[in-house]
Amino acid sequence: MPELIEVEMYRLAAEPVVGRTILRIDTPDAWYLRGGATPDAVRAALDGARVLATARHGKLLLFPTSHGTTLGLRFGMTGRLVVDGEAPIDRLEYSSGRVAEAWVRFRLAFDDGGELAVVDPRRLGGVELDPDRGRLGPEASTVTAAQLRAVLQRSGAPLKAVLLDQHRIAGLGNLLVDETLWTAGLDPALPARSLDPDDVGRLAAVIRATVRRLSRRGGSHTGNLQPARHRGALCPRCATPLLRRTIGGRTTYSCPAEQSAP
DNA sequence: CTCGACTCCTGTTAGC
DNA sequence: TGCTAACAGGAGTCGA
């Protein structure tokens, strides 16, 4: 599913639309508009606007425009971006590889004949005008030990729940968090503030390294733990049966032998 | 404020 | 073969 890595791939794929002028806005699914936006409001804000740049904060993809409005796209679990007919990711984990017209939730047509579309079968993503970036935590791909310490110290929630919370640290999803904690040897259920400063420093480094490594490999689903994220699987390192739990509301796999217990 | 439970959504897949 | 029910997770809301 789209985590920071996939959204960055979308951002790169969308770079060609910078400088183009928006001629038409299709909002076939009004339900997909978030933050109280309506099809009319989106049209009024974007019609005739030029795309000034692309940006990304965590899983949020941003397009500032010449009208002063910034278009924000979220992809949920199954959202894909299609730019000029090309999809940078042809198949997402847990979703279909097809591009059905009925799944197009949002589309921009540009002055040069190109277009940008969001295709999202399960409708968990969304389109928002001027999304509030201030509510997002620091970017996960560059998170520092100091930033992570500040975030973890404030919470007694399970470590994994905090890492998944976009308001505290932005960009990590279920797969990246499981891979990161498995790599770092930390139990996802540990109370966040129970980590000592050494653990926090090490975890920050593992987060950054994991994002880099899986980006090179091509996605959040390319981790070493990923092949074992199913019932009855064994730890790929030590062959201990993995624990399967729900933590932070998400299916969580961890190795009871290698990831220190709470 | 924090935190967990609940809810939204629907294609895919496992199982009968 | 055809059907049903469980499953997947990003993110908002609500109550304690």
# chains A, B, ... in the order shown; residues from 1 in each chain; ligands from 1

call {"tool": "select_by_dssp", "arguments": {"residues": "segment 9-258 of chain A", "states": "strand (DSSP E or B)", "output": "ChimeraX atom specification"}}
result
/A:21-26,33,50-51,55-57,60-65,70-74,80-83,86,104-110,115-119,126-129,139,158,170,186,191,234,241,243-247,250-254

call {"tool": "interface_residues", "arguments": {"of": "chain B", "to": "chain A", "cutoff": "10 Å", "atoms": "only C-alpha atoms (C1' of nucleotides)", "output": "list in words"}}
result
DT2, DC3, DG4, DA5, DC8, DC9, DT10, DG11 and DT12 of chain B

call {"tool": "closest_atom_pairs", "arguments": {"of": "chain B", "to": "chain C", "cutoff": "9 Å", "atoms": "only C-alpha atoms (C1' of nucleotides)", "output": "CSV"}}
result
residue,atom,partner,partner_atom,distance
B:DC6,C1',C:DC14,C1',8.5
B:DT7,C1',C:DT13,C1',8.3
B:DC8,C1',C:DG12,C1',8.9
B:DT12,C1',C:DC7,C1',8.8
B:DT13,C1',C:DC7,C1',8.4
B:DA14,C1',C:DA6,C1',8.4
B:DC16,C1',C:DT4,C1',8.9

call {"tool": "select_by_dssp", "arguments": {"residues": "segment 22-101 of chain A", "states": "alpha helix (DSSP H)", "output": "number ranges by chain"}}
result
A: 39-46

call {"tool": "write_last_selection", "arguments": {"atoms": "N, CA and C atoms", "output": "mmCIF file, in the first residue's frame"}}
result
data_model
loop_
_atom_site.group_PDB
_atom_site.id
_atom_site.type_symbol
_atom_site.label_atom_id
_atom_site.label_comp_id
_atom_site.auth_asym_id
_atom_site.auth_seq_id
_atom_site.Cartn_x
_atom_site.Cartn_y
_atom_site.Cartn_z
ATOM 1 N N PRO A 39 -17.211 19.668 -5.293
ATOM 2 C CA PRO A 39 -16.744 19.736 -6.686
ATOM 3 C C PRO A 39 -16.650 21.173 -7.183
ATOM 4 N N ASP A 40 -17.633 22.002 -6.845
ATOM 5 C CA ASP A 40 -17.601 23.404 -7.280
ATOM 6 C C ASP A 40 -16.419 24.164 -6.674
ATOM 7 N N ALA A 41 -16.179 23.911 -5.396
ATOM 8 C CA ALA A 41 -15.083 24.612 -4.722
ATOM 9 C C ALA A 41 -13.734 24.199 -5.310
ATOM 10 N N VAL A 42 -13.593 22.921 -5.613
ATOM 11 C CA VAL A 42 -12.339 22.441 -6.190
ATOM 12 C C VAL A 42 -12.143 23.048 -7.577
ATOM 13 N N ARG A 43 -13.223 23.100 -8.345
ATOM 14 C CA ARG A 43 -13.139 23.657 -9.686
ATOM 15 C C ARG A 43 -12.774 25.147 -9.624
ATOM 16 N N ALA A 44 -13.433 25.852 -8.717
ATOM 17 C CA ALA A 44 -13.164 27.287 -8.595
ATOM 18 C C ALA A 44 -11.717 27.545 -8.184
ATOM 19 N N ALA A 45 -11.187 26.677 -7.335
ATOM 20 C CA ALA A 45 -9.841 26.906 -6.806
ATOM 21 C C ALA A 45 -8.757 26.541 -7.805
ATOM 22 N N LEU A 46 -9.039 25.584 -8.690
ATOM 23 C CA LEU A 46 -7.965 25.054 -9.532
ATOM 24 C C LEU A 46 -8.091 25.380 -11.022
#

call {"tool": "interface_residues", "arguments": {"of": "chain A", "to": "chain C", "cutoff": "10 Å", "atoms": "only C-alpha atoms (C1' of nucleotides)", "output": "PyMOL selection string"}}
result
chain A and resi 1-3+59+74-78+93-95+124-125+164-166+173-175+249-251

call {"tool": "residues_around", "arguments": {"residues": "Arg105 of chain A", "least_positions_apart": "6", "cutoff": "12 Å", "atoms": "only C-alpha atoms (C1' of nucleotides)", "output": "PyMOL selection string"}}
result
chain A and resi 25-33+39+73-75+78-82+99+116-127

call {"tool": "atom_distance", "arguments": {"atom1": "atom CA of Leu214 of chain A", "atom2": "atom CA of Leu4 of chain A"}}
result
10.6 Å

call {"tool": "decode", "arguments": {"residues": "chain B", "atoms": "N, CA and C atoms (P, O5', C5', C4', C3', O3' and C1' of nucleotides)", "output": "short mmCIF file (atom, residue, chain, number, x, y, z; two decimals), in the first residue's frame"}}
result
data_model
loop_
_atom_site.label_atom_id
_atom_site.label_comp_id
_atom_site.auth_asym_id
_atom_site.auth_seq_id
_atom_site.Cartn_x
_atom_site.Cartn_y
_atom_site.Cartn_z
P DC B 1 -5.19 19.63 22.20
"O5'" DC B 1 -4.48 18.51 23.10
"C5'" DC B 1 -3.29 18.86 23.79
"C4'" DC B 1 -2.92 17.74 24.71
"C3'" DC B 1 -2.78 16.41 23.97
"O3'" DC B 1 -1.47 15.89 24.11
"C1'" DC B 1 -4.28 16.21 25.83
P DT B 2 -1.11 14.66 23.20
"O5'" DT B 2 -1.68 13.39 23.98
"C5'" DT B 2 -1.20 13.09 25.29
"C4'" DT B 2 -1.80 11.77 25.73
"C3'" DT B 2 -1.61 10.63 24.73
"O3'" DT B 2 -1.18 9.49 25.43
"C1'" DT B 2 -3.90 10.88 25.27
P DC B 3 -0.51 8.31 24.67
"O5'" DC B 3 -1.73 7.30 24.46
"C5'" DC B 3 -2.36 6.72 25.60
"C4'" DC B 3 -3.61 6.01 25.17
"C3'" DC B 3 -3.43 5.14 23.92
"O3'" DC B 3 -3.79 3.82 24.25
"C1'" DC B 3 -5.41 6.45 23.80
P DG B 4 -3.29 2.64 23.34
"O5'" DG B 4 -4.64 1.80 23.19
"C5'" DG B 4 -5.47 1.60 24.31
"C4'" DG B 4 -6.90 1.48 23.86
"C3'" DG B 4 -7.10 0.50 22.70
"O3'" DG B 4 -8.28 -0.24 22.95
"C1'" DG B 4 -7.98 2.60 22.12
P DA B 5 -8.56 -1.57 22.18
"O5'" DA B 5 -10.09 -1.37 21.76
"C5'" DA B 5 -10.98 -0.70 22.65
"C4'" DA B 5 -12.14 -0.14 21.85
"C3'" DA B 5 -12.61 -1.05 20.71
"O3'" DA B 5 -14.01 -1.18 20.77
"C1'" DA B 5 -12.13 1.13 19.90
P DC B 6 -14.79 -2.17 19.81
"O5'" DC B 6 -15.28 -1.20 18.66
"C5'" DC B 6 -16.01 -0.02 19.01
"C4'" DC B 6 -16.12 0.91 17.82
"C3'" DC B 6 -16.57 0.22 16.52
"O3'" DC B 6 -17.82 0.76 16.14
"C1'" DC B 6 -14.81 1.78 16.14
P DT B 7 -18.65 0.13 14.96
"O5'" DT B 7 -18.22 1.04 13.73
"C5'" DT B 7 -18.47 2.44 13.80
"C4'" DT B 7 -17.94 3.10 12.54
"C3'" DT B 7 -18.23 2.31 11.27
"O3'" DT B 7 -19.15 3.03 10.45
"C1'" DT B 7 -15.95 3.09 11.35
P DC B 8 -19.82 2.30 9.20
"O5'" DC B 8 -18.94 2.85 8.00
"C5'" DC B 8 -18.82 4.26 7.79
"C4'" DC B 8 -17.65 4.55 6.90
"C3'" DC B 8 -17.62 3.70 5.64
"O3'" DC B 8 -18.26 4.41 4.59
"C1'" DC B 8 -15.44 3.97 6.63
P DC B 9 -19.08 3.61 3.52
"O5'" DC B 9 -17.95 2.98 2.58
"C5'" DC B 9 -17.07 3.85 1.87
"C4'" DC B 9 -15.93 3.05 1.33
"C3'" DC B 9 -16.35 1.80 0.57
"O3'" DC B 9 -16.51 2.12 -0.79
"C1'" DC B 9 -14.43 1.42 1.96
P DT B 10 -17.51 1.26 -1.65
"O5'" DT B 10 -16.57 0.05 -2.09
"C5'" DT B 10 -15.39 0.31 -2.84
"C4'" DT B 10 -14.60 -0.96 -2.96
"C3'" DT B 10 -15.36 -2.13 -3.59
"O3'" DT B 10 -14.45 -2.85 -4.38
"C1'" DT B 10 -14.48 -2.79 -1.54
P DG B 11 -14.85 -3.39 -5.82
"O5'" DG B 11 -13.52 -4.18 -6.25
"C5'" DG B 11 -12.29 -3.48 -6.27
"C4'" DG B 11 -11.16 -4.42 -5.90
"C3'" DG B 11 -11.16 -5.74 -6.65
"O3'" DG B 11 -9.82 -6.09 -6.91
"C1'" DG B 11 -11.38 -6.16 -4.32
P DT B 12 -9.44 -7.41 -7.68
"O5'" DT B 12 -9.05 -8.36 -6.47
"C5'" DT B 12 -7.99 -7.97 -5.61
"C4'" DT B 12 -7.78 -9.01 -4.55
"C3'" DT B 12 -7.63 -10.45 -5.08
"O3'" DT B 12 -6.44 -10.97 -4.53
"C1'" DT B 12 -9.21 -10.36 -3.30
P DT B 13 -5.85 -12.35 -5.03
"O5'" DT B 13 -6.27 -13.32 -3.82
"C5'" DT B 13 -5.97 -12.92 -2.50
"C4'" DT B 13 -6.67 -13.86 -1.53
"C3'" DT B 13 -6.64 -15.34 -1.94
"O3'" DT B 13 -6.29 -16.08 -0.80
"C1'" DT B 13 -8.83 -14.69 -1.42
P DA B 14 -5.54 -17.46 -0.91
"O5'" DA B 14 -6.08 -18.20 0.40
"C5'" DA B 14 -6.36 -17.43 1.56
"C4'" DA B 14 -7.52 -18.04 2.31
"C3'" DA B 14 -7.56 -19.56 2.29
"O3'" DA B 14 -7.86 -20.01 3.59
"C1'" DA B 14 -9.60 -18.70 1.47
P DG B 15 -7.78 -21.56 3.96
"O5'" DG B 15 -9.31 -21.99 3.98
"C5'" DG B 15 -10.24 -21.21 4.74
"C4'" DG B 15 -11.63 -21.68 4.45
"C3'" DG B 15 -11.75 -23.21 4.27
"O3'" DG B 15 -12.84 -23.68 5.03
"C1'" DG B 15 -12.76 -22.09 2.47
P DC B 16 -12.99 -25.25 5.35
"O5'" DC B 16 -14.51 -25.53 4.94
"C5'" DC B 16 -15.53 -24.66 5.43
"C4'" DC B 16 -16.66 -24.61 4.44
"C3'" DC B 16 -17.24 -25.99 4.08
"O3'" DC B 16 -18.62 -26.02 4.35
"C1'" DC B 16 -16.84 -24.68 2.13
#
